[in-house]
Amino acid sequence: MTINPEIRDYLDALELVDHHVHSTLIPRLTRAEFELNMTEASAPIPSWMTQFDSQVGFAIRRYCAPHLGLDRHADADAYWAARSAVSTEEATRALAGSSGIATSLIDTGYVPTGTTGPLLFDLDEFATLSGQQVFEIVRLETLLERLASAGVPAAELEREFDAALQKATQTAVGFKSIIAYRFGFDFDPREPTSADFLAAAEAWLSTPQTHRRVSDPVLLRALLWKGARTGLPVQIHAGYGDPSLDLDRCNPLLLTPWLRLLPADASDIILLHCYPYHREAGYLAQVFPRVYFDVGLAINYAGAQSEQIIAESLELAPFAKILFSTDAWGLPELHHIGAALWRRGMARILSKWVADDEWSLADAVRVADMIGRGNARRIYKLADR
Amino acid sequence: MTINPEIRDYLDALELVDHHVHSTLIPRLTRAEFELNMTEASAPIPSWMTQFDSQVGFAIRRYCAPHLGLDRHADADAYWAARSAVSTEEATRALAGSSGIATSLIDTGYVPTGTTGPLLFDLDEFATLSGQQVFEIVRLETLLERLASAGVPAAELEREFDAALQKATQTAVGFKSIIAYRFGFDFDPREPTSADFLAAAEAWLSTPQTHRRVSDPVLLRALLWKGARTGLPVQIHAGYGDPSLDLDRCNPLLLTPWLRLLPADASDIILLHCYPYHREAGYLAQVFPRVYFDVGLAINYAGAQSEQIIAESLELAPFAKILFSTDAWGLPELHHIGAALWRRGMARILSKWVADDEWSLADAVRVADMIGRGNARRIYKLADR
Amino acid sequence: MTINPEIRDYLDALELVDHHVHSTLIPRLTRAEFELNMTEASAPIPSWMTQFDSQVGFAIRRYCAPHLGLDRHADADAYWAARSAVSTEEATRALAGSSGIATSLIDTGYVPTGTTGPLLFDLDEFATLSGQQVFEIVRLETLLERLASAGVPAAELEREFDAALQKATQTAVGFKSIIAYRFGFDFDPREPTSADFLAAAEAWLSTPQTHRRVSDPVLLRALLWKGARTGLPVQIHAGYGDPSLDLDRCNPLLLTPWLRLLPADASDIILLHCYPYHREAGYLAQVFPRVYFDVGLAINYAGAQSEQIIAESLELAPFAKILFSTDAWGLPELHHIGAALWRRGMARILSKWVADDEWSLADAVRVADMIGRGNARRIYKLADR
């Protein structure tokens, strides 16, 4: 098909806001570690296969190889030879830095620690390497777990959490919940009382542990309610992720009873990823004024086939409710292809609709701007920062 | 892509039967009211956005603007200026009247009342304004609620309902159930006994109320069973609608146990809308002889992206089991774009299959006729009316 | 669109391995019987319609008619006249024999018996008629039911089953479970003990019956566990099939808890069909090292629209985890179109990605080979047979 050059040029020049993303890995990886970071799997890639033979692998070879001095579609061995020859700083500079993403909202909630400290570049380092403006998204569960790991007793946990949350609103542009991973969306939607919180906190803290991991549904939903009362946007992981979640319990439709209970002045709620439930998310974004969504992560993993997923995200939801993200974690390849595939998919979809006279050209570029940049800037109030 | 001119001309001339639709609004609306009628949302559109910035909004500007003397893709303000300058009669005449829909089966079950009477044109008025032949579909729950609101006591409710249902078969061409809205499809599939009905009716009527709204699952499924025993087609709302329903409980697969229990001489069952469960509906239409479905509503709301949804409706179901509808309510824009988008999507899909020599041209126009007109005429016995 | 001739020629010459399929019917059929075998329905096709008016019917007329001396798209009556004029041996030779399938792994678990014996050609007969190499897949439930019907008492059933299973590993290349049909995937995932097996066997065998049909969830999941411990691949019916299953309980995501419990040395697990849950299956194939899947059956029934389903199967799963199958049963038309539609869909999808420079040509043909042949040869160790 023919891509409309005006649409393509507009998208190529668009300074994207990646509203949900993570930093990149500091340590040099083995090839096996690199390949494992190309999936949502937790178990090692079986020896008889390579994860390069997947849509995400093909997209990396297609889009990232030229930034490492290789031809497009360089084979997996050549790619790995070039990639492992550069430092992780250089890789982040070359790949995240050339993504065309101007601004990243970075979820700092999952940063594993190695012997020499955190394994991901911190926000300042990532900003410098990538040349991007960065803002922080604070993970609600991490905030609570830090308090618990620091020894805050059950009786003080809620008050301390409230204070920490309040403090985080000074620097963070939004919050994130991973209740999908820790429990699922089939929770009692009502707001827990302080007595509920206390009882759950006491049960959680009653067994000795050094690192606290919250999976109690009362605490998880208390955090969700508290996040939704801050006025700052609350991101919620929905749909697909690593196999520690039960995907069928991460269908965002299961949030409906909770969404109905939210007061009129609650925070904006942004459903992340959503695949394969992105049509369901689009429905929620149409009927609930405060609900937004993206199809990040799925775009990366579907590679050449991501155009269809992007198109499916453009069904029921008003265009003011759809956001761009990569959900890249660890590998700057994922930041790069997340942006490249989104631009490509949007250019193809919008070109088709304009060529068919279904949409005007002016509308097409306007919607590209809304999804790629404008909606995120409005929701997270980035101009005020 | 190239549209086959024979297919396009055939579709353009096809006298559509819109087998599930509603009438248009009598009062002049404010822009806020108009925009709210462009969604399935119940809450007002937030002030920082316009519902015109959506697929349905773009489709209205694309397809309806020329019928109000504007260019295609006229902007939202221009559209609203022209639209608010004409009466609702004129709008219905201009938009529903130019839709190419020859016959509408109108669900009269939801007609809100204002200070001067019902807010929708009645069937005769709509027929005159739109130039269409109209038939009535009677909503089962409305029939029951009218009796209850009129003071029929519990002990007589079933007999009175049976009489009203029998009487309705004289004029209506079919019935409709909204058990999806009032409960969900996860109901006990067995036919309630008269004792069950009486007990449920007594419980329902035991609290004083002026307007009765039935949500008791025993009564709802009793109505469904009674409808299915009339021999007239029974439409069932499935899938997406306003946020008072739990969408995951409106998956038509949940009707499977009930469909298995229906006797061989039961009514035809037509699953309405179904999105995002239209593939599931296509499966049911293949394996249950009496099951039909449509993808109305979703076509309107997906606008330029509706082609994919129409294509997905053409997978498992035999072509004799698929119907056309708009499910338009209130705004004649929805009648107009529902027909225009269906014609466009079908023309594109069928042109592709014929160009690829997957289907013959003769088959393509025959299937267009079946879905757009013929199946509905057969099922609802319209030629006999 | 333009098909890449190198891709098309490669696919046309590819010696497919149909890793999940059945044999063809021996008796001559009436037209009504023939049409019923063109669906997954159990009830007769209603008299006012023909199952030829469906995607599968159109695909048969398009692809099979030339092999019976007719023009492409010959009408249903002409097709039936030609088809009913040839013997079932000739039909199998003409249609399965021209499919380009080189190797079939045949599920022998469902072979109805007529007055003169089994109604399907046996493996040797099918091999001779089709010119294919054949291997056997043994259905776990059939193995158990044969023992029970032969009078093995409850106390000896597990030991006898274990022995039969062990014996089957000498000849079969894999096993199959139909727990989806007999119960659903919402079973307790834990491995039953021998005491559990014995109690369930006693309950099952306690009522007198001549033909035993296992539907006890303890026995069904015991079989699944036993199959997964053989080291041979275990196929699991998932998603769509005849209306005796509850489709929503056949969502492969419901297997997640069971997949998590499988030991590291368990068998490969191949999810069959999966439609409309093939995206969910692709997710499982990405995150669980031993999980594979196919979209057989749906390709046949979606006909010209199958290209989209094939494309959707190429999202999250690594290409080493996707297989080709027809799941044809009874009619050699289904073997023929299953292969033809897969080749067509793959040629179109891969041509588009190569034309757009998303994939290299070399990668495209390599992936076609993996899915069409190579993955099955590796998993089922066909080169060793």
# chains A, B, ... in the order shown; residues from 1 in each chain; ligands from 1
>>> select_by_dssp(residues="range 179-298 of chain C", states="strand (DSSP E or B)", output="NGL selection string")
:C and (234-238 or 269-273 or 291-294)
>>> select_by_dssp(residues="range 180-239 of chain C", states="helix (DSSP H, G or I)", output="JSON, numbers by chain")
{"C": [180, 181, 182, 194, 195, 196, 197, 198, 199, 200, 201, 202, 203, 204, 205, 217, 218, 219, 220, 221, 222, 223, 224, 225, 226, 227, 228]}
>>> interface_residues(of="chain A", to="chain B", cutoff="10 Å", atoms="only C-alpha atoms", output="ChimeraX atom specification")
/A:1,251-257,259-260,264,277-280,283-290,308,311-321,349-350,352-363,366-367,378
>>> residues_around(residues="range 173-190 of chain B", least_positions_apart="4", cutoff="7 Å", atoms="only C-alpha atoms", output="PyMOL selection string")
chain B and resi 135-141+215+217+220+224+227+232-238+244-245+249-250+254-255+257-258+380
>>> residues_around(residues="Ala155 in chain A", least_positions_apart="5", cutoff="9 Å", atoms="only C-alpha atoms", output="compact mmCIF listing (two decimals) with N, CA and C atoms, in the first residue's frame")
# COMPACT_ATOMS: atom_id res chain seq x y z
N LEU A 198 -5.76 -2.19 58.65
CA LEU A 198 -4.99 -2.60 59.81
C LEU A 198 -4.96 -4.12 59.97
N ALA A 201 -2.82 -5.56 57.29
CA ALA A 201 -1.41 -5.24 57.53
C ALA A 201 -0.85 -6.13 58.63
N GLU A 202 -1.64 -6.33 59.68
CA GLU A 202 -1.17 -7.19 60.77
C GLU A 202 -0.94 -8.62 60.29
>>> residues_around(residues="Ala383 in chain C", least_positions_apart="5", cutoff="12 Å", atoms="only C-alpha atoms", output="ChimeraX atom specification")
/C:103,133,135,173,373-378
>>> decode(residues="range 78-92 of chain B", atoms="N, CA and C atoms", output="PDB file, in the first residue's frame")
ATOM      1  N   ALA B  78     -18.871  23.356  12.572  1.00  0.00           N
ATOM      2  CA  ALA B  78     -19.680  23.593  11.369  1.00  0.00           C
ATOM      3  C   ALA B  78     -20.821  22.580  11.295  1.00  0.00           C
ATOM      4  N   TYR B  79     -20.484  21.337  11.636  1.00  0.00           N
ATOM      5  CA  TYR B  79     -21.533  20.317  11.605  1.00  0.00           C
ATOM      6  C   TYR B  79     -22.639  20.670  12.582  1.00  0.00           C
ATOM      7  N   TRP B  80     -22.235  21.019  13.780  1.00  0.00           N
ATOM      8  CA  TRP B  80     -23.244  21.301  14.793  1.00  0.00           C
ATOM      9  C   TRP B  80     -24.067  22.537  14.427  1.00  0.00           C
ATOM     10  N   ALA B  81     -23.419  23.534  13.832  1.00  0.00           N
ATOM     11  CA  ALA B  81     -24.154  24.733  13.413  1.00  0.00           C
ATOM     12  C   ALA B  81     -25.240  24.364  12.402  1.00  0.00           C
ATOM     13  N   ALA B  82     -24.890  23.553  11.438  1.00  0.00           N
ATOM     14  CA  ALA B  82     -25.872  23.162  10.414  1.00  0.00           C
ATOM     15  C   ALA B  82     -26.943  22.246  10.999  1.00  0.00           C
ATOM     16  N   ARG B  83     -26.501  21.326  11.833  1.00  0.00           N
ATOM     17  CA  ARG B  83     -27.445  20.344  12.378  1.00  0.00           C
ATOM     18  C   ARG B  83     -28.437  21.018  13.302  1.00  0.00           C
ATOM     19  N   SER B  84     -27.964  21.942  14.122  1.00  0.00           N
ATOM     20  CA  SER B  84     -28.865  22.567  15.093  1.00  0.00           C
ATOM     21  C   SER B  84     -29.770  23.604  14.417  1.00  0.00           C
ATOM     22  N   ALA B  85     -29.480  23.898  13.159  1.00  0.00           N
ATOM     23  CA  ALA B  85     -30.326  24.848  12.429  1.00  0.00           C
ATOM     24  C   ALA B  85     -31.554  24.182  11.815  1.00  0.00           C
ATOM     25  N   VAL B  86     -31.567  22.870  11.762  1.00  0.00           N
ATOM     26  CA  VAL B  86     -32.733  22.198  11.171  1.00  0.00           C
ATOM     27  C   VAL B  86     -33.559  21.535  12.272  1.00  0.00           C
ATOM     28  N   SER B  87     -34.806  21.332  11.980  1.00  0.00           N
ATOM     29  CA  SER B  87     -35.678  20.671  12.948  1.00  0.00           C
ATOM     30  C   SER B  87     -35.326  19.193  13.015  1.00  0.00           C
ATOM     31  N   THR B  88     -35.804  18.549  14.066  1.00  0.00           N
ATOM     32  CA  THR B  88     -35.528  17.112  14.170  1.00  0.00           C
ATOM     33  C   THR B  88     -36.289  16.338  13.093  1.00  0.00           C
ATOM     34  N   GLU B  89     -37.427  16.866  12.684  1.00  0.00           N
ATOM     35  CA  GLU B  89     -38.139  16.228  11.564  1.00  0.00           C
ATOM     36  C   GLU B  89     -37.280  16.288  10.305  1.00  0.00           C
ATOM     37  N   GLU B  90     -36.756  17.477  10.047  1.00  0.00           N
ATOM     38  CA  GLU B  90     -35.926  17.626   8.841  1.00  0.00           C
ATOM     39  C   GLU B  90     -34.674  16.756   8.904  1.00  0.00           C
ATOM     40  N   ALA B  91     -34.076  16.687  10.088  1.00  0.00           N
ATOM     41  CA  ALA B  91     -32.871  15.868  10.238  1.00  0.00           C
ATOM     42  C   ALA B  91     -33.191  14.397   9.972  1.00  0.00           C
ATOM     43  N   THR B  92     -34.301  13.930  10.509  1.00  0.00           N
ATOM     44  CA  THR B  92     -34.689  12.533  10.288  1.00  0.00           C
ATOM     45  C   THR B  92     -34.961  12.289   8.803  1.00  0.00           C
TER      46      THR B  92
END
